[in-house]
>>> print(open('upload-v5.cif').read())   # mmCIF, C-alpha atoms
data_run
#
loop_
_atom_site.label_atom_id
_atom_site.label_comp_id
_atom_site.auth_asym_id
_atom_site.auth_seq_id
_atom_site.Cartn_x
_atom_site.Cartn_y
_atom_site.Cartn_z
CA MET F 611 -18.97 -0.51 -2.39
CA THR F 612 -20.33 1.10 0.75
CA VAL F 613 -23.76 1.06 2.33
CA PHE F 614 -24.97 3.69 4.77
CA ILE F 615 -27.85 3.85 7.20
CA GLY F 616 -28.29 7.56 7.65
CA GLY F 617 -24.74 8.85 7.96
CA THR F 618 -23.29 5.63 9.37
CA GLU F 619 -21.33 3.31 7.11
CA ILE F 620 -22.20 -0.36 7.55
CA THR F 621 -19.00 -2.32 8.20
CA ASP F 622 -20.41 -5.57 9.62
CA ILE F 623 -23.48 -7.63 8.73
CA GLN F 624 -24.34 -10.86 10.52
CA ILE F 625 -27.27 -13.26 10.53
CA GLY F 626 -27.22 -14.67 14.02
CA SER F 627 -23.55 -15.31 14.61
CA THR F 628 -22.75 -15.90 10.93
CA ALA F 629 -20.80 -13.12 9.27
CA ILE F 630 -22.10 -12.08 5.84
CA ASN F 631 -19.37 -11.23 3.34
CA SER F 632 -21.41 -9.85 0.42
CA VAL F 633 -24.86 -8.36 -0.15
CA TYR F 634 -26.67 -8.36 -3.49
CA VAL F 635 -29.70 -6.45 -4.73
CA GLY F 636 -30.91 -8.74 -7.49
CA ALA F 637 -27.82 -9.55 -9.52
CA ASN F 638 -25.94 -6.46 -8.38
CA LYS F 639 -23.43 -6.69 -5.57
CA VAL F 640 -23.90 -3.64 -3.34
CA TRP F 641 -21.64 -4.44 -0.40
CA ASP F 642 -18.46 -6.39 0.33
CA ARG F 643 -16.98 -6.98 3.76
CA VAL F 644 -13.68 -5.14 3.98
CA THR F 645 -10.96 -7.38 5.31
CA SER F 646 -8.44 -5.50 7.39
CA LEU F 647 -4.72 -6.04 6.86
CA ASP F 648 -3.87 -4.94 10.37
CA THR F 649 -5.64 -3.51 13.39
CA GLN F 650 -3.93 -1.62 16.19
CA THR F 651 -5.33 -0.11 19.36
CA VAL F 652 -3.66 3.15 20.30
CA THR F 653 -3.83 4.48 23.82
CA VAL F 654 -3.62 8.20 23.20
CA GLY F 655 -0.73 10.16 24.62
CA SER F 656 0.49 13.69 24.04
CA PHE F 657 3.82 15.50 23.83
CA ASN F 658 4.56 19.21 23.54
CA THR F 659 7.94 20.17 22.07
CA GLY F 660 7.79 23.76 23.30
CA ALA F 661 6.17 27.12 22.63
CA ALA F 662 7.61 27.42 19.14
CA GLY F 663 7.23 23.73 18.36
CA LEU F 664 4.51 21.18 17.93
CA THR F 665 2.00 19.32 20.07
CA PHE F 666 1.59 15.68 19.11
CA VAL F 667 -1.46 13.59 20.03
CA GLY F 668 -1.51 9.84 19.47
CA TYR F 669 1.35 7.37 19.66
CA SER F 670 5.08 7.74 19.09
CA ASN F 671 8.00 5.57 20.09
CA THR F 672 10.95 7.73 19.06
CA ASN F 673 12.85 10.11 21.34
CA PHE F 674 9.80 11.39 23.13
CA THR F 675 7.57 8.43 23.78
CA HIS F 676 3.91 9.18 24.19
CA GLY F 677 0.90 6.92 24.06
CA SER F 678 1.13 3.21 23.46
CA ILE F 679 0.10 0.69 20.86
CA SER F 680 -1.42 -2.75 21.29
CA ASP F 681 0.81 -4.80 19.04
CA GLY F 682 3.15 -2.34 17.39
CA THR F 683 4.16 -4.39 14.37
CA SER F 684 2.84 -4.02 10.87
CA ASN F 685 1.29 -6.98 9.08
CA MET F 686 1.67 -5.08 5.77
CA PHE F 687 5.44 -4.84 6.08
CA SER F 688 6.57 -8.17 7.52
CA GLY F 689 6.34 -7.12 11.14
CA ALA F 690 8.14 -3.77 10.81
CA ALA F 691 7.50 -1.61 13.86
CA TYR F 692 5.06 1.28 13.91
CA ASP F 693 7.23 4.18 15.00
CA ALA F 694 4.34 6.63 15.17
CA ILE F 695 0.66 6.95 14.43
CA ASP F 696 0.17 10.53 15.44
CA ALA F 697 -1.37 13.91 14.76
CA PHE F 698 0.27 17.27 15.41
CA THR F 699 -0.55 20.94 15.51
CA ALA F 700 1.73 23.99 15.56
CA ASN F 701 1.85 25.58 18.99
CA SER F 702 2.27 29.00 17.37
CA ASN F 703 -1.08 28.56 15.62
CA PRO F 704 -3.12 25.94 17.49
CA GLY F 705 -6.35 26.80 15.68
CA SER F 706 -4.86 25.89 12.31
CA GLY F 707 -5.69 22.18 12.62
CA TYR F 708 -3.81 18.91 12.68
CA ASN F 709 -1.60 17.02 10.27
CA THR F 710 -1.74 13.24 10.67
CA ILE F 711 1.37 11.06 10.31
CA LEU F 712 2.21 7.39 10.03
CA TYR F 713 5.81 6.29 10.60
CA ILE F 714 6.99 2.72 10.03
CA VAL F 715 10.58 1.67 10.68
CA GLY F 716 12.70 0.79 7.64
CA ASN F 717 12.58 1.55 3.93
CA GLN F 718 9.02 0.58 3.08
CA PRO F 719 7.33 0.92 -0.34
CA ASN F 720 4.41 3.26 -0.99
CA SER F 721 2.10 0.30 -1.61
CA GLY F 722 0.62 -2.69 0.19
CA TRP F 723 -2.32 -0.95 1.83
CA THR F 724 -5.09 1.44 0.79
CA THR F 725 -6.64 3.19 3.77
CA MET F 726 -5.77 3.83 7.40
CA THR F 727 -8.90 4.44 9.46
CA ILE F 728 -8.46 6.08 12.86
CA ASN F 729 -11.54 5.98 15.05
CA GLY F 730 -13.70 5.76 11.91
CA GLU F 731 -11.91 8.59 10.04
CA ALA F 732 -10.31 7.46 6.76
CA PHE F 733 -6.86 8.46 5.52
CA ASN F 734 -6.13 7.22 2.02
CA ARG F 735 -2.55 6.26 1.24
CA THR F 736 -2.62 7.95 -2.13
CA ASP F 737 -3.67 11.28 -0.54
CA ALA F 738 -0.54 11.39 1.62
CA GLY F 739 2.89 12.84 1.07
CA TYR F 740 5.34 9.93 1.29
CA THR F 741 8.94 9.99 2.50
CA GLN F 742 11.24 7.00 2.37
CA ASP F 743 14.18 7.29 4.73
CA SER F 744 15.53 4.97 7.44
CA THR F 745 11.98 5.29 8.73
CA THR F 746 9.22 5.59 6.14
CA SER F 747 6.49 8.16 6.66
CA TRP F 748 3.10 9.16 5.27
CA VAL F 749 1.84 12.66 6.07
CA TRP F 750 -1.70 13.88 5.46
CA ASN F 751 -2.59 17.51 5.00
CA MET F 752 -4.14 19.47 7.77
CA ARG F 753 -7.66 18.73 8.99
CA SER F 754 -9.59 20.78 11.50
CA ASN F 755 -9.45 18.17 14.27
CA SER F 756 -7.11 15.47 15.53
CA PRO F 757 -8.40 11.98 14.62
CA PHE F 758 -7.25 10.93 18.10
CA GLY F 759 -9.11 13.80 19.76
CA THR F 760 -7.12 15.62 22.43
CA THR F 761 -7.92 13.52 25.50
CA THR F 762 -5.07 11.32 26.68
CA GLY F 763 -5.50 7.85 28.14
CA VAL F 764 -8.39 6.87 25.90
CA THR F 765 -8.10 4.13 23.27
CA LYS F 766 -8.67 4.53 19.52
CA GLN F 767 -8.77 1.76 16.96
CA VAL F 768 -6.58 2.08 13.87
CA VAL F 769 -7.50 -0.23 10.99
CA PHE F 770 -5.48 -0.74 7.81
CA THR F 771 -7.21 -2.06 4.71
CA MET S 893 12.63 24.52 -9.05
CA ILE S 894 12.53 20.84 -8.12
CA ASP S 895 13.28 18.45 -10.98
CA TYR S 896 10.80 15.64 -10.38
CA GLY S 897 9.73 12.41 -12.02
CA THR S 898 6.35 10.70 -11.90
CA ARG S 899 4.91 7.36 -10.83
CA GLN S 900 1.43 6.12 -11.65
CA ASP S 901 -0.36 4.33 -8.78
CA GLY S 902 -3.82 3.25 -9.92
CA ASP S 903 -5.72 6.45 -10.67
CA VAL S 904 -3.19 8.64 -8.91
CA LEU S 905 -0.09 10.19 -10.46
CA PHE S 906 2.65 10.87 -7.95
CA ALA S 907 5.39 13.44 -8.40
CA THR S 908 8.62 11.78 -7.21
CA PHE S 909 12.07 13.05 -6.37
CA THR S 910 15.13 12.26 -4.28
CA LEU S 911 16.94 14.73 -2.06
CA GLY S 912 20.14 13.34 -0.57
CA GLU S 913 19.27 9.88 0.65
CA VAL S 914 15.58 10.67 1.13
CA TYR S 915 12.96 9.74 -1.49
CA TYR S 916 9.68 11.66 -1.68
CA GLU S 917 6.32 11.19 -3.39
CA VAL S 918 3.48 13.68 -3.57
CA PRO S 919 0.07 12.96 -5.13
CA THR S 920 -0.94 15.26 -7.97
CA ALA S 921 -4.43 16.15 -9.13
CA THR S 922 -5.91 16.66 -12.58
CA GLY S 923 -5.64 20.30 -13.60
CA GLN S 924 -2.99 21.07 -11.00
CA THR S 925 -0.56 23.73 -12.20
CA GLU S 926 3.22 23.36 -12.23
CA GLU S 927 3.42 25.98 -9.49
CA GLU S 928 1.00 23.98 -7.33
CA ILE S 929 2.98 20.77 -7.83
CA GLN S 930 6.21 22.57 -6.93
CA ALA S 931 4.53 23.98 -3.81
CA ALA S 932 3.28 20.53 -2.81
CA LEU S 933 6.77 19.07 -3.28
CA GLN S 934 8.33 21.82 -1.18
CA ARG S 935 5.64 21.35 1.48
CA VAL S 936 6.40 17.63 1.91
CA ILE S 937 10.12 18.43 2.27
CA ASP S 938 9.37 21.14 4.81
CA LEU S 939 7.01 18.86 6.75
CA HIS S 940 9.61 16.08 6.83
CA ILE S 941 12.24 18.47 8.17
CA LEU S 942 9.80 20.02 10.66
CA ILE S 943 8.62 16.68 12.02
CA SER S 944 12.12 15.22 12.09
CA SER S 945 13.51 18.19 14.01
CA ASN S 946 10.63 18.10 16.49
CA ARG S 947 10.96 14.34 16.93
CA GLY S 948 14.69 14.76 17.46
CA GLY S 949 15.51 12.76 14.36
#
>>> encode(input="upload-v5.cif", output="structure tokens")
Amino acid sequence: MTVFIGGTEITDIQIGSTAINSVYVGANKVWDRVTSLDTQTVTVGSFNTGAAGLTFVGYSNTNFTHGSISDGTSNMFSGAAYDAIDAFTANSNPGSGYNTILYIVGNQPNSGWTTMTINGEAFNRTDAGYTQDSTTSWVWNMRSNSPFGTTTGVTKQVVFT
Amino acid sequence: MIDYGTRQDGDVLFATFTLGEVYYEVPTATGQTEEEIQAALQRVIDLHILISSNRGG
């Protein structure tokens, strides 16, 4: 259940300082507060693997560290580390757009969360390609822009619900 | 041709398969052809290899 004012989704309703959890129109519930499972703040970094490689924008902790993350451990998976929350584009075709990736250390199941929202842009778990290896990854198909933008040093909120 | 299984996750049917020690899942869509599912499966393998090689993994 979502409510919009214009094009903006309402995610928080308060009366004074009291948070409202549900809104009804007559007997019909029209809005529920979404409780996040985990929230991370990513300070955006970038890494270019070379002319024939990829440019990553976001956060990664493996081999080429770029960006940083506020907490770095996943509440959904018993404190497993976020290895990357990142977007990448092919340097050979930079206008083609960005894939978005989520890497969490360990063999994690494809369950336990529904949506990752980066700076207000939603990525549904069930839309992603999933790979379970020593690090588990979710990969979303290409979108025209990076959800982290392309400016380094800025912070973006990542919310899991 | 990739020999895949399936897993239902709510409203979504995933195509599933294992290659070596790596397990993959790809969401399918109603009306998707066998060729499109095979292409999606191959794409997730290719992406995993591409990202892993670029990340040095």
>>> atom_distance(input="upload-v5.cif", atom1="atom CA of F:Trp750", atom2="atom CA of F:Phe698")
10.7 Å
>>> closest_atom_pairs(input="upload-v5.cif", of="chain S", to="chain F", cutoff="8 Å", atoms="only C-alpha atoms", output="CSV")
residue,atom,partner,partner_atom,distance
S:Asp901,CA,F:Thr736,CA,7.9
S:Val904,CA,F:Thr736,CA,6.8
S:Glu913,CA,F:Asp743,CA,7.0
S:Val914,CA,F:Asp743,CA,5.1
S:Tyr915,CA,F:Gln742,CA,5.0
S:Tyr916,CA,F:Thr741,CA,4.6
S:Glu917,CA,F:Tyr740,CA,4.9
S:Val918,CA,F:Gly739,CA,4.8
S:Pro919,CA,F:Asp737,CA,6.2
S:Val936,CA,F:Gly739,CA,6.0
S:His940,CA,F:Thr741,CA,7.5
S:Asn946,CA,F:Thr659,CA,6.5
S:Arg947,CA,F:Asn673,CA,6.4
S:Gly948,CA,F:Asn673,CA,6.3
S:Gly949,CA,F:Asn673,CA,7.9
>>> closest_residue(input="upload-v5.cif", among="F:Asn703, F:Gln718, F:Ser756, F:Ser656", to="F:Ser684", atoms="all atoms listed in the file")
F:Gln718
>>> resolve_selection(input="upload-v5.cif", expression="the PyMOL selection byres ((chain F and resi 693) around 9)", output="list in words")
Tyr669, Ser670, Asn671, Thr672, Gly682, Ala691, Tyr692, Ala694, Ile695, Leu712, Tyr713, Ile714, Val715 and Thr745 of chain F
>>> resolve_selection(input="upload-v5.cif", expression="the PyMOL selection byres ((chain S and resi 908) around 6)", output="VMD selection string")
chain S and resid 896 to 898 907 909 916 to 917
>>> write_last_selection(input="upload-v5.cif", atoms="C-alpha atoms", output="short mmCIF file (atom, residue, chain, number, x, y, z; two decimals), keeping the file's coordinate frame")
data_model
loop_
_atom_site.label_atom_id
_atom_site.label_comp_id
_atom_site.auth_asym_id
_atom_site.auth_seq_id
_atom_site.Cartn_x
_atom_site.Cartn_y
_atom_site.Cartn_z
CA TYR S 896 10.80 15.64 -10.38
CA GLY S 897 9.73 12.41 -12.02
CA THR S 898 6.35 10.70 -11.90
CA ALA S 907 5.39 13.44 -8.40
CA PHE S 909 12.07 13.05 -6.37
CA TYR S 916 9.68 11.66 -1.68
CA GLU S 917 6.32 11.19 -3.39
#
>>> resolve_selection(input="upload-v5.cif", expression="the PyMOL selection byres ((chain S and resi 894) around 9)", output="list of chain:residue names")
S:Met893, S:Asp895, S:Tyr896, S:Phe909, S:Gln930, S:Leu933, S:Gln934
>>> atom_distance(input="upload-v5.cif", atom1="atom CA of F:Phe687", atom2="atom CA of S:Thr920")
25.3 Å
>>> atom_distance(input="upload-v5.cif", atom1="atom CA of F:Val769", atom2="atom CA of F:Pro757")
12.8 Å
>>> residues_around(input="upload-v5.cif", residues="stretch 617-630 of chain F", least_positions_apart="2", cutoff="10 Å", atoms="only C-alpha atoms", output="PyMOL selection string")
chain F and resi 612-615+632-633+641-645+730
>>> residues_around(input="upload-v5.cif", residues="F:Val667", least_positions_apart="3", cutoff="6 Å", atoms="all atoms listed in the file", output="MDAnalysis selection string")
chainID F and resid 655:656 696:697
>>> closest_residue(input="upload-v5.cif", among="F:Ala700, F:Ala690, F:Phe770, F:Val654", to="F:Asn734", atoms="all atoms listed in the file")
F:Phe770
>>> closest_residue(input="upload-v5.cif", among="F:Ser680, F:Thr771, F:Asn631, F:Thr765", to="F:Asn729", atoms="all atoms listed in the file")
F:Thr765
>>> decode(input="upload-v5.cif", residues="stretch 893-939 of chain S", atoms="N, CA and C atoms", output="short mmCIF file (atom, residue, chain, number, x, y, z; two decimals), in the first residue's frame")
data_model
loop_
_atom_site.label_atom_id
_atom_site.label_comp_id
_atom_site.auth_asym_id
_atom_site.auth_seq_id
_atom_site.Cartn_x
_atom_site.Cartn_y
_atom_site.Cartn_z
N MET S 893 22.72 -25.57 -24.28
CA MET S 893 21.43 -25.59 -23.56
C MET S 893 21.66 -25.88 -22.08
N ILE S 894 21.20 -25.00 -21.23
CA ILE S 894 21.36 -25.16 -19.79
C ILE S 894 20.15 -25.95 -19.24
N ASP S 895 20.47 -27.01 -18.52
CA ASP S 895 19.41 -27.84 -17.92
C ASP S 895 19.07 -27.25 -16.55
N TYR S 896 17.95 -26.58 -16.45
CA TYR S 896 17.64 -25.85 -15.23
C TYR S 896 16.42 -26.42 -14.52
N GLY S 897 16.34 -26.12 -13.21
CA GLY S 897 15.15 -26.44 -12.44
C GLY S 897 14.37 -25.16 -12.17
N THR S 898 13.39 -25.23 -11.30
CA THR S 898 12.62 -24.03 -10.98
C THR S 898 12.38 -23.95 -9.47
N ARG S 899 12.15 -22.75 -9.00
CA ARG S 899 11.78 -22.51 -7.60
C ARG S 899 10.75 -21.39 -7.57
N GLN S 900 9.64 -21.64 -6.90
CA GLN S 900 8.60 -20.63 -6.78
C GLN S 900 8.88 -19.77 -5.55
N ASP S 901 8.84 -18.45 -5.72
CA ASP S 901 9.08 -17.51 -4.63
C ASP S 901 7.95 -16.49 -4.67
N GLY S 902 6.88 -16.73 -3.92
CA GLY S 902 5.71 -15.86 -4.02
C GLY S 902 5.13 -15.93 -5.42
N ASP S 903 5.02 -14.79 -6.06
CA ASP S 903 4.46 -14.74 -7.42
C ASP S 903 5.51 -14.99 -8.50
N VAL S 904 6.75 -15.13 -8.09
CA VAL S 904 7.84 -15.21 -9.07
C VAL S 904 8.36 -16.64 -9.17
N LEU S 905 8.53 -17.11 -10.42
CA LEU S 905 9.14 -18.41 -10.66
C LEU S 905 10.58 -18.18 -11.10
N PHE S 906 11.50 -18.73 -10.33
CA PHE S 906 12.91 -18.63 -10.67
C PHE S 906 13.35 -19.86 -11.45
N ALA S 907 14.18 -19.64 -12.46
CA ALA S 907 14.93 -20.73 -13.08
C ALA S 907 16.21 -20.90 -12.27
N THR S 908 16.54 -22.14 -11.91
CA THR S 908 17.68 -22.39 -11.01
C THR S 908 18.64 -23.39 -11.64
N PHE S 909 19.90 -23.22 -11.40
CA PHE S 909 20.86 -24.23 -11.86
C PHE S 909 22.17 -24.05 -11.11
N THR S 910 22.99 -25.09 -11.14
CA THR S 910 24.29 -25.08 -10.48
C THR S 910 25.36 -25.34 -11.52
N LEU S 911 26.40 -24.53 -11.47
CA LEU S 911 27.54 -24.70 -12.37
C LEU S 911 28.78 -24.77 -11.49
N GLY S 912 29.43 -25.94 -11.44
CA GLY S 912 30.53 -26.11 -10.51
C GLY S 912 30.00 -26.00 -9.09
N GLU S 913 30.61 -25.09 -8.33
CA GLU S 913 30.17 -24.90 -6.95
C GLU S 913 29.29 -23.66 -6.80
N VAL S 914 28.90 -23.09 -7.93
CA VAL S 914 28.13 -21.84 -7.89
C VAL S 914 26.68 -22.12 -8.26
N TYR S 915 25.76 -21.61 -7.45
CA TYR S 915 24.32 -21.79 -7.65
C TYR S 915 23.72 -20.48 -8.16
N TYR S 916 22.87 -20.59 -9.18
CA TYR S 916 22.29 -19.40 -9.80
C TYR S 916 20.76 -19.46 -9.77
N GLU S 917 20.14 -18.29 -9.69
CA GLU S 917 18.70 -18.16 -9.89
C GLU S 917 18.42 -16.94 -10.76
N VAL S 918 17.47 -17.12 -11.67
CA VAL S 918 17.08 -16.03 -12.56
C VAL S 918 15.56 -15.95 -12.57
N PRO S 919 14.98 -14.77 -12.34
CA PRO S 919 13.52 -14.67 -12.38
C PRO S 919 13.00 -14.86 -13.80
N THR S 920 11.89 -15.54 -13.92
CA THR S 920 11.24 -15.70 -15.23
C THR S 920 9.96 -14.86 -15.24
N ALA S 921 9.42 -14.68 -16.42
CA ALA S 921 8.19 -13.89 -16.56
C ALA S 921 7.18 -14.70 -17.36
N THR S 922 5.91 -14.46 -17.06
CA THR S 922 4.84 -15.14 -17.79
C THR S 922 4.97 -14.85 -19.29
N GLY S 923 4.89 -15.91 -20.09
CA GLY S 923 4.97 -15.74 -21.54
C GLY S 923 6.38 -15.75 -22.08
N GLN S 924 7.36 -15.82 -21.18
CA GLN S 924 8.75 -15.84 -21.62
C GLN S 924 9.03 -17.13 -22.38
N THR S 925 9.74 -17.03 -23.49
CA THR S 925 10.04 -18.22 -24.28
C THR S 925 11.24 -18.95 -23.69
N GLU S 926 11.40 -20.22 -24.11
CA GLU S 926 12.54 -21.01 -23.66
C GLU S 926 13.85 -20.34 -24.06
N GLU S 927 13.88 -19.78 -25.26
CA GLU S 927 15.09 -19.08 -25.72
C GLU S 927 15.41 -17.90 -24.81
N GLU S 928 14.38 -17.17 -24.39
CA GLU S 928 14.60 -16.00 -23.52
C GLU S 928 15.09 -16.43 -22.15
N ILE S 929 14.56 -17.53 -21.64
CA ILE S 929 15.02 -18.03 -20.33
C ILE S 929 16.48 -18.47 -20.44
N GLN S 930 16.80 -19.19 -21.51
CA GLN S 930 18.19 -19.63 -21.70
C GLN S 930 19.13 -18.42 -21.79
N ALA S 931 18.67 -17.38 -22.50
CA ALA S 931 19.50 -16.17 -22.63
C ALA S 931 19.69 -15.49 -21.28
N ALA S 932 18.63 -15.46 -20.47
CA ALA S 932 18.73 -14.84 -19.15
C ALA S 932 19.68 -15.63 -18.25
N LEU S 933 19.61 -16.96 -18.34
CA LEU S 933 20.52 -17.81 -17.56
C LEU S 933 21.97 -17.55 -17.98
N GLN S 934 22.20 -17.52 -19.28
CA GLN S 934 23.57 -17.30 -19.76
C GLN S 934 24.06 -15.91 -19.34
N ARG S 935 23.13 -14.93 -19.35
CA ARG S 935 23.52 -13.56 -19.00
C ARG S 935 23.97 -13.48 -17.54
N VAL S 936 23.29 -14.18 -16.64
CA VAL S 936 23.67 -14.10 -15.22
C VAL S 936 25.02 -14.79 -14.99
N ILE S 937 25.28 -15.88 -15.75
CA ILE S 937 26.61 -16.50 -15.68
C ILE S 937 27.67 -15.53 -16.17
N ASP S 938 27.41 -14.93 -17.32
CA ASP S 938 28.39 -14.01 -17.92
C ASP S 938 28.65 -12.82 -17.00
N LEU S 939 27.57 -12.29 -16.40
CA LEU S 939 27.74 -11.15 -15.49
C LEU S 939 28.56 -11.54 -14.27
#
